[in-house]
file coords.txt (compact mmCIF, C-alpha atoms)
# COMPACT_ATOMS: atom_id res chain seq x y z
CA MET P 10 -44.87 -11.26 -22.65
CA SER P 11 -47.79 -13.64 -22.20
CA ASP P 12 -47.21 -17.34 -22.80
CA ALA P 13 -49.68 -17.29 -25.70
CA PHE P 14 -47.91 -14.38 -27.37
CA ASP P 15 -44.51 -16.02 -26.85
CA GLY P 16 -45.69 -19.23 -28.46
CA ALA P 17 -47.27 -17.50 -31.44
CA ALA P 18 -44.28 -15.25 -32.01
CA ALA P 19 -41.85 -18.14 -31.75
CA ALA P 20 -43.91 -20.16 -34.20
CA ALA P 21 -43.84 -17.26 -36.63
CA GLY P 22 -40.05 -16.94 -36.23
CA ARG P 23 -40.28 -13.40 -34.93
CA VAL P 24 -38.60 -13.89 -31.53
CA ALA P 25 -35.04 -12.59 -31.13
CA ASN P 26 -32.83 -11.81 -28.17
CA GLU P 27 -29.94 -9.64 -29.36
CA LEU P 28 -27.86 -6.94 -27.75
CA SER P 29 -25.74 -4.78 -30.00
CA GLY P 30 -22.58 -3.07 -28.83
CA THR P 31 -20.70 -3.61 -25.58
CA VAL P 32 -22.25 -3.23 -22.15
CA TYR P 33 -20.13 -2.66 -19.04
CA GLY P 34 -22.32 -3.57 -16.09
CA PRO P 35 -25.87 -4.89 -15.64
CA SER P 36 -28.43 -4.88 -18.46
CA VAL P 37 -32.09 -5.92 -18.81
CA GLN P 38 -33.81 -7.27 -21.93
CA ALA P 39 -37.58 -7.77 -21.90
CA GLY P 40 -40.60 -7.56 -24.18
CA GLN P 41 -43.20 -6.18 -21.79
CA ILE P 42 -42.54 -5.10 -18.23
CA HIS P 43 -45.26 -4.92 -15.56
CA GLY P 44 -44.01 -2.94 -12.61
CA GLY P 45 -40.55 -1.55 -12.04
CA ILE P 46 -37.06 -3.00 -12.32
CA ALA P 47 -34.37 -1.81 -9.94
CA VAL P 48 -30.69 -2.54 -10.50
CA THR P 49 -28.31 -1.55 -7.73
CA VAL P 50 -24.57 -1.40 -8.33
CA GLN P 51 -22.45 -0.52 -5.35
CA ALA P 52 -19.53 1.70 -6.26
CA PRO P 53 -16.33 1.22 -4.25
CA THR P 54 -15.69 3.85 -1.65
CA PRO P 55 -12.41 5.78 -1.75
CA GLU P 56 -11.28 3.86 1.35
CA ALA P 57 -11.83 0.58 -0.49
CA ARG P 58 -9.64 1.47 -3.46
CA PRO P 59 -6.72 -0.94 -3.73
CA LYS P 60 -3.20 0.31 -3.08
CA PRO P 61 -0.95 -1.49 -5.56
CA ASP P 62 2.47 -2.61 -4.36
CA GLN P 63 3.90 -4.34 -7.42
CA VAL P 64 7.56 -3.33 -7.76
CA PRO P 65 9.62 -6.52 -7.34
CA PRO P 66 11.80 -6.82 -4.25
CA LEU P 67 15.55 -7.01 -4.68
CA THR P 68 16.82 -10.56 -4.17
CA ALA P 69 20.53 -9.66 -3.94
CA PRO P 70 22.43 -6.97 -2.04
CA PHE P 71 22.36 -3.61 -3.82
CA VAL P 72 25.67 -1.76 -3.88
CA ASN P 73 26.82 1.60 -5.18
CA ARG P 74 24.67 3.64 -7.63
CA THR P 75 24.51 6.36 -4.98
CA ARG P 76 24.98 9.08 -7.57
CA GLU P 77 22.23 7.67 -9.78
CA LEU P 78 19.80 7.31 -6.86
CA ILE P 79 20.39 10.94 -5.90
CA ALA P 80 19.81 11.97 -9.52
CA LEU P 81 16.51 10.06 -9.52
CA ASP P 82 15.52 11.86 -6.32
CA ARG P 83 16.05 15.20 -8.04
CA CYS P 84 14.31 14.08 -11.20
CA LEU P 85 11.26 12.34 -9.81
CA THR P 86 10.49 14.43 -6.75
CA ALA P 87 10.72 17.85 -8.42
CA THR P 88 6.96 18.00 -8.89
CA GLY P 89 6.52 21.72 -8.51
CA GLU P 90 4.18 23.70 -6.31
CA ALA P 91 1.58 21.51 -4.58
CA GLY P 92 2.80 18.52 -6.59
CA ALA P 93 1.15 19.77 -9.78
CA VAL P 94 3.55 18.10 -12.22
CA ILE P 95 3.85 14.46 -13.28
CA ALA P 96 7.58 13.60 -13.18
CA LEU P 97 9.02 11.33 -15.88
CA GLY P 98 12.44 9.71 -15.52
CA LEU P 99 14.31 7.45 -17.93
CA LEU P 100 17.09 5.01 -16.98
CA THR P 101 19.03 3.89 -20.06
CA GLY P 102 22.02 1.63 -20.61
CA LEU P 103 23.29 -1.65 -21.96
CA PRO P 104 21.45 -4.90 -21.14
CA GLY P 105 22.52 -6.24 -17.76
CA VAL P 106 23.98 -2.95 -16.50
CA GLY P 107 21.55 -2.82 -13.58
CA LYS P 108 18.69 -0.59 -14.75
CA THR P 109 15.91 -2.72 -13.28
CA ALA P 110 17.71 -3.18 -9.97
CA THR P 111 18.34 0.57 -9.71
CA ALA P 112 14.70 1.35 -10.50
CA CYS P 113 13.49 -1.16 -7.92
CA ARG P 114 15.91 0.16 -5.31
CA TRP P 115 14.75 3.74 -5.84
CA ALA P 116 11.11 2.64 -5.62
CA GLN P 117 11.90 0.83 -2.38
CA LEU P 118 13.51 3.92 -0.88
CA SER P 119 10.70 6.22 -2.04
CA ARG P 120 7.60 4.39 -0.86
CA ASP P 121 6.50 7.25 1.39
CA LEU P 122 6.44 9.65 -1.57
CA PHE P 123 3.65 7.68 -3.25
CA PRO P 124 0.99 6.97 -0.64
CA ASP P 125 -1.46 5.55 -3.21
CA GLY P 126 0.85 2.78 -4.38
CA GLN P 127 3.37 1.60 -6.95
CA ILE P 128 2.52 -0.09 -10.25
CA TYR P 129 5.07 -2.23 -12.10
CA ILE P 130 4.76 -3.38 -15.72
CA ASP P 131 7.41 -5.54 -17.43
CA PHE P 132 7.27 -4.94 -21.18
CA ALA P 133 9.69 -7.81 -21.85
CA ALA P 134 6.92 -10.19 -20.76
CA LEU P 135 4.49 -8.51 -23.19
CA ARG P 136 6.85 -8.44 -26.15
CA ASP P 137 6.18 -10.41 -29.30
CA GLY P 138 9.07 -9.84 -31.68
CA GLU P 139 9.88 -6.13 -31.83
CA GLY P 140 6.57 -4.80 -30.50
CA ALA P 141 4.75 -5.15 -27.20
CA ASP P 142 1.07 -5.41 -26.33
CA VAL P 143 0.49 -1.87 -25.08
CA SER P 144 -3.23 -2.46 -24.67
CA GLU P 145 -2.55 -5.35 -22.29
CA ALA P 146 -0.02 -3.19 -20.42
CA VAL P 147 -2.72 -0.58 -19.79
CA ALA P 148 -5.11 -3.37 -18.78
CA GLN P 149 -2.55 -4.47 -16.18
CA GLY P 150 -2.40 -0.92 -14.87
CA LEU P 151 -6.19 -0.77 -14.64
CA ARG P 152 -6.38 -4.10 -12.82
CA ALA P 153 -3.78 -2.81 -10.37
CA LEU P 154 -6.12 0.11 -9.66
CA GLY P 155 -9.05 -2.20 -8.97
CA VAL P 156 -10.81 -2.39 -12.35
CA ASP P 157 -12.34 -5.82 -12.94
CA ASN P 158 -11.79 -7.59 -16.27
CA ALA P 159 -15.51 -7.35 -17.00
CA TYR P 160 -15.23 -3.55 -17.11
CA LEU P 161 -12.14 -3.31 -19.31
CA PRO P 162 -12.88 -1.58 -22.66
CA ASP P 163 -11.70 -3.25 -25.84
CA SER P 164 -9.74 -0.41 -27.47
CA LEU P 165 -6.42 1.05 -26.37
CA ALA P 166 -7.83 4.59 -26.53
CA GLU P 167 -10.68 3.72 -24.16
CA ARG P 168 -8.37 1.88 -21.78
CA THR P 169 -5.99 4.85 -21.74
CA ALA P 170 -8.84 7.23 -20.91
CA LEU P 171 -10.05 4.92 -18.14
CA PHE P 172 -6.53 4.69 -16.71
CA ARG P 173 -6.39 8.47 -16.51
CA THR P 174 -9.74 8.54 -14.76
CA HIS P 175 -8.76 5.95 -12.17
CA SER P 176 -5.32 7.48 -11.55
CA ALA P 177 -6.68 11.00 -11.07
CA GLY P 178 -6.59 12.01 -7.44
CA ARG P 179 -3.96 9.40 -6.60
CA ARG P 180 -0.25 9.94 -6.08
CA LEU P 181 1.32 6.93 -7.79
CA LEU P 182 4.67 5.64 -8.96
CA VAL P 183 4.50 3.73 -12.26
CA VAL P 184 7.62 1.71 -13.13
CA LEU P 185 7.76 0.63 -16.79
CA ASP P 186 10.56 -1.88 -17.25
CA ASP P 187 12.34 -2.76 -20.53
CA VAL P 188 10.47 -0.28 -22.74
CA ASN P 189 11.62 -0.05 -26.37
CA HIS P 190 9.28 2.60 -27.81
CA PRO P 191 7.91 5.92 -26.49
CA ALA P 192 4.36 4.89 -27.46
CA GLN P 193 4.52 2.25 -24.72
CA VAL P 194 4.96 4.94 -22.06
CA ARG P 195 2.43 7.65 -22.90
CA PRO P 196 -0.79 5.67 -22.26
CA LEU P 197 0.47 4.78 -18.75
CA VAL P 198 1.28 8.28 -17.51
CA PRO P 199 -1.03 8.73 -14.49
CA LYS P 200 -3.07 11.89 -13.97
CA GLY P 201 -2.75 12.29 -10.22
CA PRO P 202 -0.70 15.33 -9.12
CA GLY P 203 2.69 14.42 -7.68
CA SER P 204 2.79 11.05 -9.45
CA ALA P 205 5.90 9.83 -11.25
CA VAL P 206 6.83 7.43 -14.04
CA LEU P 207 10.19 5.66 -14.03
CA VAL P 208 11.14 3.99 -17.32
CA THR P 209 14.02 1.61 -18.01
CA SER P 210 15.19 0.99 -21.56
CA ASN P 211 18.13 -0.26 -23.59
CA ALA P 212 17.36 2.56 -26.06
CA ARG P 213 17.62 6.30 -25.50
CA LEU P 214 13.96 7.03 -26.36
CA GLY P 215 14.79 10.63 -27.20
CA GLU P 216 11.17 11.42 -28.13
CA LEU P 217 10.21 11.23 -24.46
CA ALA P 218 12.23 14.40 -23.87
CA LEU P 219 9.38 16.22 -25.60
CA ASP P 220 7.15 14.94 -22.78
CA GLY P 221 9.52 16.33 -20.16
CA ALA P 222 11.43 13.13 -19.46
CA ARG P 223 14.84 13.47 -17.84
CA SER P 224 17.28 10.86 -19.08
CA LEU P 225 19.84 9.19 -16.81
CA PRO P 226 22.35 6.95 -18.62
CA LEU P 227 23.58 4.08 -16.46
CA ASP P 228 27.24 3.11 -17.03
CA PRO P 229 28.76 -0.23 -16.02
CA LEU P 230 30.29 -0.26 -12.55
CA ASP P 231 34.08 -0.24 -12.43
CA GLY P 232 36.05 -2.91 -10.63
CA GLU P 233 36.31 -0.91 -7.42
call {"tool": "encode", "arguments": {"input": "coords.txt", "output": "structure tokens"}}
result
Amino acid sequence: MSDAFDGAAAAAGRVANELSGTVYGPSVQAGQIHGGIAVTVQAPTPEARPKPDQVPPLTAPFVNRTRELIALDRCLTATGEAGAVIALGLLTGLPGVGKTATACRWAQLSRDLFPDGQIYIDFAALRDGEGADVSEAVAQGLRALGVDNAYLPDSLAERTALFRTHSAGRRLLVVLDDVNHPAQVRPLVPKGPGSAVLVTSNARLGELALDGARSLPLDPLDGE
């Protein structure tokens, strides 16, 4: 706009600078444009994609659970021809029985199976009363895959769709710790062939069986 037009319009109260909706990325607002405007956004190359490595290390010696680790091998590596299936495993048991340690130990032993990384989300840290912030859990998964906060959608549905997009073509392990509802798991199932999801829960979460989950109850260790 010319300076004269700007001043007249402002004096008349007709100048506004509003942007409706949500914009992810650069935007330009102008009255009159003379010449061209070029906006260049450099997309990350596949080589630059981050490889998450988030599963906590074990801080104490891990003993026994050989049978359970073998069962997890069978459950989470049976991905079918050309790795076309997403494996879903569920470790259940009483609080303190060792579910998290077993999940972390299996993840440690299986790093080579998931060349694109391992994502870890602790739902206990997201819990407020009985529920948990599933939308924030998916946001954590997206940040692990390299999505900046500025590009995170607001709704859970949009975040779930974006997580599927960014996990497609990657072979990932997603460990979801201390889950208490099946709805916390489904948005975080990756799309990449050969990926796996390992869930720990104090509850049985029987509904996940409909999604193909294989349940592995964890009993307390005996004295020996």
call {"tool": "atom_distance", "arguments": {"input": "coords.txt", "atom1": "CA of Asp121 (chain P)", "atom2": "CA of Leu230 (chain P)"}}
result
28.6 Å
call {"tool": "residues_around", "arguments": {"input": "coords.txt", "residues": "region 180-186 of chain P", "least_positions_apart": "3", "cutoff": "8 Å", "atoms": "all atoms listed in the file", "output": "PyMOL selection string"}}
result
chain P and resi 64+109+112+116+123-133+176+194+197-199+201-210
call {"tool": "residues_around", "arguments": {"input": "coords.txt", "residues": "Asp163 (chain P)", "least_positions_apart": "2", "cutoff": "10 Å", "atoms": "only C-alpha atoms", "output": "JSON, numbers by chain"}}
result
{"P": [31, 144, 148, 160, 161, 165, 166, 167, 168]}
call {"tool": "atom_distance", "arguments": {"input": "coords.txt", "atom1": "CA of Ala80 (chain P)", "atom2": "CA of Asn211 (chain P)"}}
result
18.7 Å
call {"tool": "atom_distance", "arguments": {"input": "coords.txt", "atom1": "CA of Arg58 (chain P)", "atom2": "CA of Asp157 (chain P)"}}
result
12.3 Å
call {"tool": "closest_residue", "arguments": {"input": "coords.txt", "among": "P:Ala222, P:Ala110, P:Leu151, P:Val143", "to": "Val72 (chain P)", "atoms": "all atoms listed in the file"}}
result
P:Ala110
call {"tool": "closest_residue", "arguments": {"input": "coords.txt", "among": "P:His190, P:Pro196, P:Val106, P:Gly221", "to": "Gln149 (chain P)", "atoms": "only C-alpha atoms"}}
result
P:Pro196
call {"tool": "closest_residue", "arguments": {"input": "coords.txt", "among": "P:Ala159, P:Ala134, P:Cys113, P:Val188", "to": "Arg213 (chain P)", "atoms": "all atoms listed in the file"}}
result
P:Val188
call {"tool": "closest_residue", "arguments": {"input": "coords.txt", "among": "P:Ala177, P:Leu225, P:Ala212, P:Leu171", "to": "Asn189 (chain P)", "atoms": "only C-alpha atoms"}}
result
P:Ala212
call {"tool": "closest_residue", "arguments": {"input": "coords.txt", "among": "P:Gly140, P:Gly232, P:Gly98, P:Pro191", "to": "Leu78 (chain P)", "atoms": "all atoms listed in the file"}}
result
P:Gly98
call {"tool": "closest_residue", "arguments": {"input": "coords.txt", "among": "P:Pro70, P:Val147, P:Pro104, P:Leu85", "to": "Leu122 (chain P)", "atoms": "only C-alpha atoms"}}
result
P:Leu85
